[in-house]
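Just input_9.txt here, compact mmCIF, C-alpha atoms:
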# COMPACT_ATOMS: atom_id res chain seq x y z
CA MET A 1 137.39 -70.05 41.87
CA LYS A 2 136.87 -72.42 38.97
CA ASN A 3 136.33 -75.58 41.01
CA LEU A 4 134.23 -73.95 43.71
CA LYS A 5 131.99 -72.41 41.08
CA GLN A 6 131.70 -75.76 39.33
CA PHE A 7 130.75 -77.31 42.66
CA THR A 8 128.01 -74.74 43.17
CA ARG A 9 126.58 -75.21 39.69
CA PHE A 10 126.74 -78.96 40.16
CA LEU A 11 124.67 -78.78 43.32
CA LEU A 12 122.10 -76.48 41.75
CA VAL A 13 121.53 -78.99 38.97
CA PHE A 14 121.60 -82.19 41.01
CA CYS A 15 120.39 -81.10 44.41
CA THR A 16 117.36 -83.39 44.19
CA VAL A 17 119.56 -86.48 44.51
CA SER A 18 119.35 -87.99 47.96
CA LEU A 19 122.04 -90.32 49.28
CA PRO A 20 121.89 -92.09 52.66
CA PHE A 21 124.44 -90.95 55.22
CA LEU A 22 125.06 -94.46 56.46
CA SER A 23 126.89 -95.33 53.27
CA PHE A 24 129.35 -92.51 53.81
CA SER A 25 129.76 -92.48 57.57
CA GLN A 26 132.80 -91.03 59.28
CA PRO A 27 133.85 -91.26 62.92
CA SER A 28 131.67 -88.70 64.65
CA THR A 29 129.05 -89.39 67.31
CA THR A 30 128.04 -85.90 68.39
CA GLY A 31 125.67 -85.08 65.54
CA TYR A 32 125.56 -81.58 64.12
CA GLU A 33 123.77 -78.27 64.52
CA ILE A 34 124.20 -75.57 61.88
CA VAL A 35 122.18 -72.40 62.41
CA PHE A 36 121.61 -70.07 59.45
CA LYS A 37 120.35 -66.63 60.52
CA THR A 38 118.84 -64.36 57.90
CA GLN A 39 116.45 -61.44 57.53
CA THR A 40 116.18 -61.54 53.76
CA VAL A 41 115.31 -65.17 53.07
CA LYS A 42 111.91 -66.39 54.14
CA ASP A 43 111.46 -69.65 52.25
CA LYS A 44 109.48 -72.18 54.20
CA TYR A 45 112.43 -74.56 53.94
CA LEU A 46 116.11 -74.36 53.04
CA TYR A 47 118.33 -77.27 52.03
CA LEU A 48 121.75 -78.37 53.19
CA THR A 49 123.43 -79.97 50.16
CA GLY A 50 126.69 -81.87 49.82
CA ILE A 51 128.69 -83.79 47.26
CA TYR A 52 130.11 -87.31 47.15
CA GLY A 53 132.37 -87.92 44.19
CA ASN A 54 130.23 -86.71 41.30
CA LYS A 55 126.93 -87.18 43.12
CA ALA A 56 125.24 -84.24 44.80
CA TYR A 57 122.74 -84.93 47.52
CA ILE A 58 120.44 -83.24 50.00
CA ALA A 59 121.94 -83.76 53.44
CA ASP A 60 119.16 -82.07 55.42
CA SER A 61 116.39 -79.48 55.33
CA ALA A 62 115.40 -76.82 57.86
CA LYS A 63 112.16 -74.93 58.42
CA TYR A 64 112.05 -71.15 58.82
CA ALA A 65 111.39 -70.09 62.40
CA ASN A 66 112.44 -67.03 64.41
CA LYS A 67 114.34 -65.54 61.46
CA GLN A 68 116.61 -68.55 61.20
CA TYR A 69 116.93 -72.08 59.92
CA VAL A 70 118.42 -74.83 62.07
CA PHE A 71 119.92 -77.91 60.45
CA LYS A 72 120.20 -80.30 63.34
CA ASN A 73 120.49 -83.96 64.15
CA ASN A 74 121.84 -85.35 67.41
CA LYS A 75 122.33 -88.88 66.08
CA LYS A 76 123.07 -88.80 62.37
CA GLU A 77 126.64 -88.24 61.24
CA LEU A 78 127.53 -85.35 58.94
CA PRO A 79 130.65 -86.32 56.96
CA SER A 80 133.52 -83.88 56.67
CA GLY A 81 133.21 -82.08 53.38
CA PHE A 82 132.09 -79.03 51.40
CA TYR A 83 128.46 -77.98 51.81
CA CYS A 84 125.99 -75.39 50.58
CA ILE A 85 122.77 -73.92 51.87
CA GLU A 86 120.26 -73.41 49.09
CA SER A 87 116.79 -71.98 48.67
CA GLN A 88 113.82 -74.01 47.53
CA LYS A 89 114.44 -72.71 43.99
CA GLY A 90 118.08 -73.79 44.11
CA THR A 91 119.64 -70.39 44.80
CA LEU A 92 122.99 -70.63 46.56
CA LEU A 93 122.89 -68.72 49.84
CA THR A 94 126.26 -69.70 51.28
CA ASP A 95 128.86 -72.42 51.13
CA PHE A 96 131.15 -73.71 53.87
CA ILE A 97 133.13 -76.70 55.07
CA VAL A 98 132.47 -79.19 57.81
CA ASP A 99 135.49 -80.83 59.36
CA ASN A 100 136.48 -80.13 62.97
CA SER A 101 133.34 -78.19 63.89
CA ARG A 102 129.80 -79.40 63.32
CA LYS A 103 127.99 -77.00 65.61
CA PHE A 104 128.20 -73.39 64.54
CA THR A 105 126.17 -70.39 63.41
CA ILE A 106 126.15 -68.64 60.04
CA ASP A 107 124.93 -65.08 60.50
CA ALA A 108 123.68 -63.57 57.25
CA THR A 109 121.60 -60.81 58.81
CA GLY A 110 123.99 -58.00 57.85
CA ASP A 111 125.97 -57.07 54.75
CA LYS A 112 128.46 -59.86 55.32
CA ILE A 113 128.17 -63.54 56.16
CA VAL A 114 129.77 -64.17 59.54
CA PHE A 115 130.68 -67.58 60.94
CA VAL A 116 130.40 -67.99 64.70
CA ASN A 117 132.17 -70.87 66.54
CA SER A 118 133.82 -72.12 63.36
CA ASP A 119 137.39 -70.95 62.94
CA GLU A 120 137.87 -73.30 60.01
CA ASN A 121 135.14 -71.51 58.06
CA ILE A 122 136.67 -68.12 58.77
CA VAL A 123 139.84 -69.54 57.22
CA TYR A 124 137.82 -71.05 54.38
CA GLN A 125 136.22 -67.69 53.51
CA ASN A 126 139.69 -66.09 53.44
CA PHE A 127 140.89 -68.92 51.21
CA LYS A 128 138.12 -68.21 48.69
CA LYS A 129 139.06 -64.53 48.61
CA ASP A 130 142.74 -65.31 48.08
CA LEU A 131 141.90 -67.83 45.38
CA GLU A 132 139.69 -65.31 43.60
CA ALA A 133 142.40 -62.66 43.85
CA GLY A 134 145.11 -64.99 42.58
CA ASN A 135 147.09 -64.79 45.80
CA ASP A 136 149.43 -67.48 47.09
CA ILE A 137 147.26 -70.19 48.64
CA ARG A 138 150.04 -72.55 49.69
CA PRO A 139 149.93 -71.31 53.32
CA TYR A 140 146.47 -72.87 53.63
CA TYR A 141 148.19 -76.23 53.25
CA TYR A 142 151.42 -75.68 55.14
CA THR A 143 149.72 -74.19 58.22
CA THR A 144 147.48 -77.18 59.01
CA PRO A 145 148.45 -79.95 56.58
CA GLU A 146 146.04 -82.57 57.98
CA SER A 147 142.90 -80.43 57.79
CA LEU A 148 140.30 -81.00 55.08
CA LEU A 149 140.96 -77.62 53.49
CA ALA A 150 144.70 -78.29 53.46
CA LYS A 151 144.27 -81.71 51.84
CA TYR A 152 141.98 -80.17 49.22
CA VAL A 153 144.33 -77.26 48.49
CA LYS A 154 147.31 -79.58 48.16
CA ALA A 155 145.46 -81.97 45.86
CA GLN A 156 143.83 -79.34 43.66
CA TYR A 157 146.25 -76.46 43.48
CA ILE A 158 149.78 -77.42 44.54
CA PRO A 159 151.80 -79.17 41.81
CA VAL A 160 154.23 -81.93 42.64
CA PRO A 161 157.77 -80.49 42.44
CA VAL A 162 159.79 -82.10 39.66
CA PRO A 163 163.58 -82.10 40.08
CA GLU A 164 165.86 -81.06 37.27
CA PHE A 165 167.49 -83.87 35.36
CA HIS A 166 170.77 -82.70 33.82
CA TRP A 167 171.77 -84.48 30.67
CA GLY A 168 175.16 -82.78 30.35
CA SER A 169 175.88 -83.93 26.82
CA PRO A 170 173.86 -84.89 23.72
CA GLU A 171 174.47 -88.55 24.58
CA GLY A 172 172.84 -88.06 27.98
CA ARG A 173 169.66 -86.47 26.63
CA ASP A 174 167.74 -89.73 26.29
CA ALA A 175 168.77 -90.89 29.76
CA ALA A 176 167.69 -87.58 31.32
CA ALA A 177 164.37 -87.69 29.49
CA GLN A 178 163.83 -91.25 30.66
CA GLN A 179 164.54 -90.22 34.27
CA TYR A 180 162.12 -87.32 33.95
CA TYR A 181 159.28 -89.49 32.67
CA GLN A 182 159.94 -92.19 35.26
CA PHE A 183 159.74 -89.59 38.01
CA LEU A 184 156.58 -88.07 36.54
CA ILE A 185 154.84 -91.43 36.28
CA ALA A 186 155.83 -92.42 39.82
CA HIS A 187 154.97 -89.12 41.52
CA TYR A 188 152.26 -87.41 39.45
CA PHE A 189 149.55 -88.09 42.06
CA ASP A 190 151.72 -87.61 45.16
CA ASN A 191 149.76 -84.59 46.39
CA ILE A 192 146.43 -86.40 46.38
CA ASP A 193 145.63 -88.49 49.43
CA PHE A 194 143.20 -90.89 47.77
CA LYS A 195 142.76 -92.81 51.02
CA ASP A 196 141.38 -89.69 52.77
CA ILE A 197 137.66 -90.18 52.20
CA ARG A 198 137.02 -86.53 53.07
CA LEU A 199 138.24 -85.52 49.63
CA MET A 200 135.31 -87.39 48.09
CA TYR A 201 133.05 -84.79 49.71
CA THR A 202 134.81 -81.90 47.96
CA PRO A 203 134.78 -80.58 44.37
CA LEU A 204 138.24 -82.06 43.81
CA ASP A 205 138.76 -82.38 40.07
CA VAL A 206 141.45 -84.90 39.22
CA GLU A 207 141.97 -84.69 35.46
CA LEU A 208 142.97 -88.25 34.65
CA LYS A 209 143.15 -87.32 30.97
CA ASP A 210 145.98 -84.88 31.69
CA PHE A 211 148.08 -87.71 33.05
CA PHE A 212 147.07 -90.77 31.08
CA MET A 213 146.75 -89.19 27.63
CA GLU A 214 149.16 -86.27 27.77
CA SER A 215 151.86 -86.73 30.43
CA LEU A 216 152.24 -90.50 30.36
CA TYR A 217 155.04 -91.72 28.13
CA PRO A 218 155.35 -93.92 26.22
CA GLN A 219 151.72 -94.05 25.14
CA THR A 220 151.38 -97.82 24.98
CA PRO A 221 148.54 -99.97 26.36
CA GLU A 222 151.02 -101.83 28.56
CA ASN A 223 152.27 -98.61 30.13
CA VAL A 224 148.73 -97.31 30.63
CA ILE A 225 147.63 -100.51 32.37
CA SER A 226 150.69 -100.43 34.63
CA SER A 227 149.93 -96.82 35.58
CA ILE A 228 146.29 -97.67 36.28
CA GLU A 229 147.44 -100.38 38.67
CA ASN A 230 149.73 -97.87 40.38
CA LEU A 231 146.81 -95.47 40.78
CA PHE A 232 144.58 -98.13 42.32
CA GLU A 233 147.38 -99.09 44.71
CA ARG A 234 147.22 -95.52 46.00
CA ILE A 235 143.51 -95.95 46.63
CA LEU A 236 143.16 -99.48 48.00
CA ASN A 237 144.67 -101.24 50.98
CA GLU A 238 145.37 -104.96 50.80
CA LYS A 239 141.96 -105.45 52.39
CA PRO A 240 140.09 -102.37 51.15
CA SER A 241 137.29 -100.76 53.13
CA ARG A 242 133.89 -100.00 51.65
CA THR A 243 134.81 -96.34 51.28
CA GLN A 244 138.06 -97.20 49.48
CA ILE A 245 136.08 -99.34 47.06
CA ASP A 246 133.81 -96.34 46.46
CA VAL A 247 136.83 -94.20 45.62
CA LYS A 248 138.17 -96.90 43.30
CA ASP A 249 134.81 -97.18 41.51
CA PHE A 250 134.65 -93.40 41.14
CA TYR A 251 137.99 -93.27 39.33
CA LEU A 252 137.34 -96.55 37.53
CA LYS A 253 134.30 -95.00 35.88
CA LYS A 254 136.37 -91.99 34.82
CA LEU A 255 138.92 -94.34 33.25
CA ILE A 256 136.22 -96.39 31.56
CA HIS A 257 134.81 -93.31 29.85
CA LEU A 258 138.31 -92.09 29.02
CA TYR A 259 139.21 -95.26 27.13
CA MET A 260 135.81 -96.28 25.81
CA ASN A 261 136.12 -93.83 22.89
CA ALA A 262 139.89 -93.42 22.82
CA ASP A 263 142.26 -94.27 20.00
CA PRO A 264 141.56 -97.90 18.97
CA LYS A 265 145.09 -98.87 20.01
CA PHE A 266 143.81 -98.51 23.60
CA ASP A 267 140.98 -101.03 23.18
CA THR A 268 143.15 -103.42 25.18
CA VAL A 269 143.01 -100.99 28.11
CA PHE A 270 139.23 -100.78 28.03
CA VAL A 271 138.87 -104.56 27.88
CA TYR A 272 141.36 -104.89 30.74
CA LEU A 273 139.37 -102.48 32.93
CA VAL A 274 136.13 -104.32 32.25
CA ASP A 275 137.53 -107.81 32.75
CA ASN A 276 139.58 -107.06 35.85
CA TYR A 277 137.41 -104.52 37.63
CA VAL A 278 133.97 -103.79 36.19
CA SER A 279 132.98 -107.46 35.88
CA LYS A 280 133.86 -108.02 39.54
CA ILE A 281 131.55 -105.29 40.89
CA SER A 282 128.67 -106.62 42.96
CA GLN A 283 127.36 -103.27 44.18
CA SER A 284 128.59 -99.76 43.50
CA VAL A 285 127.57 -96.22 44.35
CA PHE A 286 129.01 -94.91 41.09
CA ILE A 287 128.56 -97.70 38.51
CA SER A 288 125.04 -99.05 38.04
CA ASP A 289 124.13 -102.57 36.95
CA SER A 290 122.90 -101.26 33.60
CA GLU A 291 126.22 -99.49 33.04
CA ILE A 292 128.09 -102.68 33.90
CA ASN A 293 126.10 -104.53 31.23
CA VAL A 294 126.80 -101.82 28.64
CA PHE A 295 130.53 -101.77 29.41
CA GLN A 296 130.70 -105.56 29.18
CA ARG A 297 128.96 -105.58 25.79
CA ILE A 298 131.34 -102.95 24.44
CA ALA A 299 134.32 -104.91 25.75
CA ASP A 300 133.04 -108.08 24.10
CA ARG A 301 132.89 -106.27 20.75
CA MET A 302 136.41 -104.94 21.18
CA ARG A 303 137.76 -108.28 22.35
CA LYS A 304 137.06 -109.97 18.99
CA THR A 305 139.70 -107.94 17.19
CA LEU A 306 142.48 -107.58 19.73
CA VAL A 307 145.96 -108.82 18.84
CA GLY A 308 146.04 -112.60 19.18
CA GLN A 309 142.40 -113.13 18.25
CA THR A 310 141.47 -115.15 15.17
CA ILE A 311 139.00 -113.63 12.72
CA PRO A 312 136.62 -115.44 10.36
CA VAL A 313 137.61 -115.73 6.72
CA PHE A 314 136.81 -112.39 5.06
CA GLU A 315 135.39 -112.36 1.52
CA SER A 316 134.82 -109.22 -0.54
CA TYR A 317 134.43 -108.36 -4.22
CA THR A 318 136.51 -106.63 -6.90
CA ASN A 319 135.26 -104.42 -9.72
CA ASP A 320 134.64 -107.44 -11.97
CA HIS A 321 132.66 -109.17 -9.20
CA HIS A 322 135.50 -111.57 -8.46
CA LYS A 323 135.45 -112.82 -4.88
CA ILE A 324 138.63 -112.25 -2.90
CA SER A 325 138.99 -114.45 0.17
CA THR A 326 141.59 -114.11 2.90
CA ALA A 327 141.70 -117.91 2.94
CA GLU A 328 143.13 -117.89 -0.58
CA ILE A 329 145.87 -115.32 -0.05
CA PRO A 330 149.20 -117.22 -0.26
CA ALA A 331 151.24 -114.50 1.46
CA LYS A 332 152.54 -114.85 5.03
CA TYR A 333 150.59 -111.77 6.12
CA THR A 334 147.52 -109.93 4.86
CA ILE A 335 146.80 -106.28 5.55
CA LEU A 336 143.10 -105.53 5.72
CA TRP A 337 142.72 -101.86 4.84
CA PHE A 338 139.18 -100.54 5.32
CA TRP A 339 138.84 -97.13 3.77
CA ASP A 340 136.51 -94.62 2.15
CA PRO A 341 137.41 -92.61 -0.99
CA ASP A 342 135.50 -89.66 0.51
CA CYS A 343 137.54 -89.75 3.74
CA GLU A 344 140.28 -87.09 4.03
CA HIS A 345 142.53 -89.31 6.17
CA CYS A 346 142.05 -92.20 3.74
CA ILE A 347 143.02 -89.96 0.83
CA GLU A 348 146.16 -88.97 2.75
CA TYR A 349 147.21 -92.38 4.09
CA THR A 350 146.27 -94.77 1.29
CA PRO A 351 149.11 -93.55 -0.99
CA ILE A 352 151.53 -94.01 1.94
CA LEU A 353 150.39 -97.60 2.32
CA CYS A 354 150.65 -98.06 -1.45
CA ASP A 355 154.24 -96.81 -1.43
CA PHE A 356 155.12 -99.22 1.39
CA TYR A 357 153.42 -102.05 -0.48
CA THR A 358 155.37 -101.33 -3.66
CA LYS A 359 158.70 -101.31 -1.83
CA TYR A 360 158.30 -104.08 0.72
CA HIS A 361 155.47 -106.53 -0.04
CA ASN A 362 157.91 -109.07 -1.48
CA LEU A 363 160.47 -108.59 1.28
CA TYR A 364 157.96 -109.06 4.07
CA ASN A 365 155.74 -111.44 2.10
CA PHE A 366 152.44 -109.64 2.63
CA GLU A 367 149.42 -108.77 0.54
CA VAL A 368 146.80 -106.02 0.87
CA ILE A 369 143.04 -106.25 0.61
CA ALA A 370 141.80 -102.67 0.43
CA CYS A 371 138.06 -102.73 1.00
CA SER A 372 136.08 -99.55 0.42
CA VAL A 373 133.27 -99.52 2.99
CA THR A 374 130.98 -97.10 1.11
CA GLU A 375 129.03 -97.33 -2.13
CA ASP A 376 130.72 -94.39 -3.86
CA TYR A 377 131.73 -96.39 -6.91
CA ASP A 378 132.91 -93.53 -9.12
CA ARG A 379 135.29 -91.96 -6.60
CA TRP A 380 136.56 -95.42 -5.63
CA ILE A 381 137.45 -96.33 -9.22
CA THR A 382 138.91 -92.90 -9.95
CA PHE A 383 141.14 -93.00 -6.87
CA ILE A 384 142.39 -96.50 -7.72
CA LYS A 385 143.32 -95.46 -11.25
CA ASN A 386 144.88 -92.14 -10.28
CA HIS A 387 147.08 -93.69 -7.58
CA HIS A 388 147.81 -96.98 -9.37
CA LEU A 389 146.64 -99.18 -6.51
CA GLU A 390 147.77 -102.62 -7.66
CA TRP A 391 146.73 -104.72 -4.70
CA PHE A 392 143.34 -106.37 -4.17
CA ASN A 393 140.73 -103.60 -4.44
CA THR A 394 137.28 -104.54 -3.21
CA SER A 395 134.24 -102.47 -2.38
CA TYR A 396 130.78 -102.50 -0.84
CA ALA A 397 129.77 -100.68 -4.03
CA ILE A 398 130.21 -103.96 -5.95
CA GLU A 399 128.75 -106.38 -3.46
CA GLU A 400 128.61 -106.64 0.32
CA PRO A 401 131.27 -108.90 1.89
CA ASN A 402 130.37 -112.12 3.67
CA TYR A 403 130.09 -110.19 6.93
CA ASP A 404 129.92 -106.53 7.85
CA ALA A 405 133.50 -105.39 8.43
CA VAL A 406 132.46 -102.15 10.15
CA GLU A 407 130.40 -104.08 12.67
CA TYR A 408 132.81 -106.95 13.21
CA PHE A 409 136.03 -104.94 13.38
CA ASN A 410 134.28 -102.32 15.50
CA PHE A 411 135.63 -99.15 13.92
CA ALA A 412 133.75 -95.86 13.79
CA ASP A 413 136.20 -94.00 11.56
CA THR A 414 138.23 -94.80 8.50
CA PRO A 415 140.83 -95.82 7.66
CA ALA A 416 141.10 -98.95 9.79
CA ILE A 417 144.01 -101.34 9.48
CA PHE A 418 144.50 -104.93 10.66
CA VAL A 419 147.32 -107.36 9.89
CA ILE A 420 146.55 -111.08 10.00
CA ASP A 421 148.75 -114.13 9.48
CA LYS A 422 147.93 -117.24 7.43
CA GLN A 423 145.98 -118.68 10.35
CA HIS A 424 143.83 -115.50 10.39
CA LYS A 425 145.26 -114.45 13.74
CA ILE A 426 145.52 -110.70 14.22
CA VAL A 427 149.19 -109.82 14.68
CA ALA A 428 148.86 -106.01 14.52
CA ARG A 429 145.95 -103.60 14.53
CA GLN A 430 144.93 -99.98 14.32
CA PHE A 431 148.38 -98.44 14.21
CA PRO A 432 149.58 -95.32 12.34
CA VAL A 433 150.50 -96.06 8.74
CA ASP A 434 153.84 -94.40 9.36
CA ASP A 435 154.65 -97.30 11.71
CA LEU A 436 154.38 -99.96 9.00
CA PHE A 437 158.12 -100.52 8.74
CA GLU A 438 158.53 -100.94 12.51
CA ILE A 439 155.50 -103.24 12.66
CA PHE A 440 156.80 -105.63 10.03
CA GLU A 441 160.33 -105.53 11.40
CA SER A 442 158.97 -106.58 14.78
CA LEU A 443 156.89 -109.34 13.20
CA GLU A 444 159.92 -110.75 11.42
CA ASN A 445 162.17 -110.48 14.46

Using structure tokens, write down the structure that the file contains.
Amino acid sequence: MKNLKQFTRFLLVFCTVSLPFLSFSQPSTTGYEIVFKTQTVKDKYLYLTGIYGNKAYIADSAKYANKQYVFKNNKKELPSGFYCIESQKGTLLTDFIVDNSRKFTIDATGDKIVFVNSDENIVYQNFKKDLEAGNDIRPYYYTTPESLLAKYVKAQYIPVPVPEFHWGSPEGRDAAAQQYYQFLIAHYFDNIDFKDIRLMYTPLDVELKDFFMESLYPQTPENVISSIENLFERILNEKPSRTQIDVKDFYLKKLIHLYMNADPKFDTVFVYLVDNYVSKISQSVFISDSEINVFQRIADRMRKTLVGQTIPVFESYTNDHHKISTAEIPAKYTILWFWDPDCEHCIEYTPILCDFYTKYHNLYNFEVIACSVTEDYDRWITFIKNHHLEWFNTSYAIEEPNYDAVEYFNFADTPAIFVIDKQHKIVARQFPVDDLFEIFESLEN
């Protein structure tokens, strides 16, 4: 019961959040009346708590009277969803669903909790037992596929069936793999009805990372952006409703956090999300104004060093205090290699870059400025001598450059690599050193 337990813990932590029902209304005009009978709990009040996306809220409270608590409102709507009854100290007393029935009794006076006038909650309790026992839970979907429980079970626990793609011969392997990935990309989210707002009131846990960073292939910014658009098409109609916009914002925020600290090659994705979605938000349940400002500032920092952007002339200093300026490099391309002689990855990758430089810098007409971003002079000099680095070696240990490369190029880890042309336009950035040959081949062709 991983997700149900997570839901319970979530409510216990955040149950003080209060969200207005009117923002989340669903078509129901009969109100609700949920009676909780008990002989063991005598708190002055109990709370009815729910969840909307990742926000828990107190839906109602009830006062103890005649050995029971009555959560009741004849006018206010109670959205279909998963709910809990909790004590004043946050102890979970029971959990249940609200979908077809909104007037029922929960009898907790004996050894077992019994639901009266709520067949769906009898089914729900059986579902929890089967889930805990590891039994087959697919019947809970196939029996009543349009119910809230069925939609939740399908979305959370039933995988999308993937057909077999037979490649037949070694020559057909690539074609079969391509068909497989195309199917996966197109159908990965088929079992989730994003337009059913009821699922926003459940502990549904859609792991976007599993798809976007593990299943999606190829892992290119262009492919990621295309897949994000496909996801939002599943959520939004041509003229989206307020609730659909809520769902979009909920998953937009997940994507924002996913790509805010991702591999730098995905900076383009983050900037795309901010420019095309975050910046257009006027009011959101899930993304605050302060968060919008933060995301925009981060995107502005990333934007400066995306492919196609022009950087200022960069000046740094060699061991003999000679100034090296990118404006004075006669080569067609310049690789800016920001590294640290104390960095394990730098120690591993710098010799690879050096080998590529030795073999191809004349062929591809490029030069390298390798700028050490720390002040460890001794290790810097020793590494240069031991590995015979015969390009332009500069360091913060000699003198600071004309502007802070770490700040401007917005990298948190070393090494960082950027390729610029003679006009100082970035033509490649933050790619694996092993891709150098492919990068320069693509630049020349």

Handout entry: Long-range neighbours of Gly53 (chain A) as a ChimeraX atom specification, 7 Å cut-off, only C-alpha atoms, 5 positions minimum in chain
Key = /A:200-201,250

Problem - Test item: which residues lie within 7 Å of (138.8, -89.2, 30.7) counting all atoms listed in the file, as an MDAnalysis selection string - result: chainID A and resid 208:209 254:255 257:258

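CA of His345 (chain A) is positioned 17.8 Å from CA of Ile369 (chain A).
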
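What separates CA of Asn223 (chain A) from CA of Val247 (chain A) is a distance of 22.3 Å.
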
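Between CA of Phe270 (chain A) and CA of Met302 (chain A) there is a distance of 8.5 Å.
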
Problem - Among the residues A:Thr268, A:Thr143, A:Gln178, A:Thr358, the one that comes closest to Pro221 (chain A) [using all atoms listed in the file] - result: A:Thr268

Would you give the centre and edge lengths, in Å to one decimal, of a box along x, y and z around the listed atoms of region 378-395 of chain A, with 8 Å added to each side, as AutoDock Vina command-line options?
--center_x 140.4 --center_y -99.2 --center_z -6.8 --size_x 30.9 --size_y 30.4 --size_z 24.9

Exercise for the section: Extract, using all atoms listed in the file, all DNA, RNA and protein residues at most 10 Å from Ala428 (chain A), discarding same-chain residues fewer than 2 positions from it, and format them as a ChimeraX atom specification. Expected result: /A:265,305-308,335,417-421,425-426,430-431,436,439-440,443

Exercise for the section: Rank nothing, just name the residue among A:Arg429, A:Lys103, A:Arg303, A:Lys248 nearest to Ala416 (chain A), using all atoms listed in the file. Expected result: A:Arg429

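Nearest to Asn410 (chain A) of all the residues A:Phe96, A:Phe338, A:Tyr180, A:Tyr47 is A:Phe338, based on all atoms listed in the file.
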
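Comparing A:Leu252, A:Val274, A:Ala405, A:Ile281 by their smallest distance to Val313 (chain A), the closest is A:Ala405 (using all atoms listed in the file).
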
Since the input is missing atoms for region 192-208 of chain A, could you rebuild it with N, CA and C atoms and give the result as a tab-separated table (two decimals), keeping the file's coordinate frame?
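Saved result, out25.tsv, follows:
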chain	number	residue	atom	x	y	z
A	192	ILE	N	147.83	-86.02	46.16
A	192	ILE	CA	146.43	-86.40	46.38
A	192	ILE	C	146.38	-87.60	47.32
A	193	ASP	N	145.78	-87.41	48.47
A	193	ASP	CA	145.63	-88.49	49.43
A	193	ASP	C	144.33	-89.24	49.12
A	194	PHE	N	144.40	-90.19	48.20
A	194	PHE	CA	143.20	-90.89	47.77
A	194	PHE	C	142.55	-91.68	48.91
A	195	LYS	N	143.32	-92.03	49.91
A	195	LYS	CA	142.76	-92.81	51.02
A	195	LYS	C	142.02	-91.92	52.03
A	196	ASP	N	142.12	-90.60	51.89
A	196	ASP	CA	141.38	-89.69	52.77
A	196	ASP	C	139.99	-89.50	52.18
A	197	ILE	N	139.01	-90.18	52.76
A	197	ILE	CA	137.66	-90.18	52.20
A	197	ILE	C	137.05	-88.78	52.21
A	198	ARG	N	137.57	-87.88	53.02
A	198	ARG	CA	137.02	-86.53	53.07
A	198	ARG	C	137.08	-85.84	51.71
A	199	LEU	N	138.10	-86.17	50.93
A	199	LEU	CA	138.24	-85.52	49.63
A	199	LEU	C	137.12	-85.90	48.66
A	200	MET	N	136.44	-87.01	48.93
A	200	MET	CA	135.31	-87.39	48.09
A	200	MET	C	134.11	-86.47	48.32
A	201	TYR	N	134.14	-85.71	49.40
A	201	TYR	CA	133.05	-84.79	49.71
A	201	TYR	C	133.42	-83.36	49.33
A	202	THR	N	134.38	-83.21	48.43
A	202	THR	CA	134.81	-81.90	47.96
A	202	THR	C	134.72	-81.87	46.44
A	203	PRO	N	134.80	-80.66	45.84
A	203	PRO	CA	134.78	-80.58	44.37
A	203	PRO	C	136.14	-80.85	43.75
A	204	LEU	N	136.93	-81.71	44.35
A	204	LEU	CA	138.24	-82.06	43.81
A	204	LEU	C	138.09	-82.58	42.39
A	205	ASP	N	138.84	-82.01	41.48
A	205	ASP	CA	138.76	-82.38	40.07
A	205	ASP	C	140.10	-82.94	39.62
A	206	VAL	N	140.22	-84.25	39.65
A	206	VAL	CA	141.45	-84.90	39.22
A	206	VAL	C	141.32	-85.23	37.73
A	207	GLU	N	142.06	-84.50	36.91
A	207	GLU	CA	141.97	-84.69	35.46
A	207	GLU	C	142.84	-85.88	35.06
A	208	LEU	N	142.23	-87.05	35.04
A	208	LEU	CA	142.97	-88.25	34.65
A	208	LEU	C	143.48	-88.16	33.21
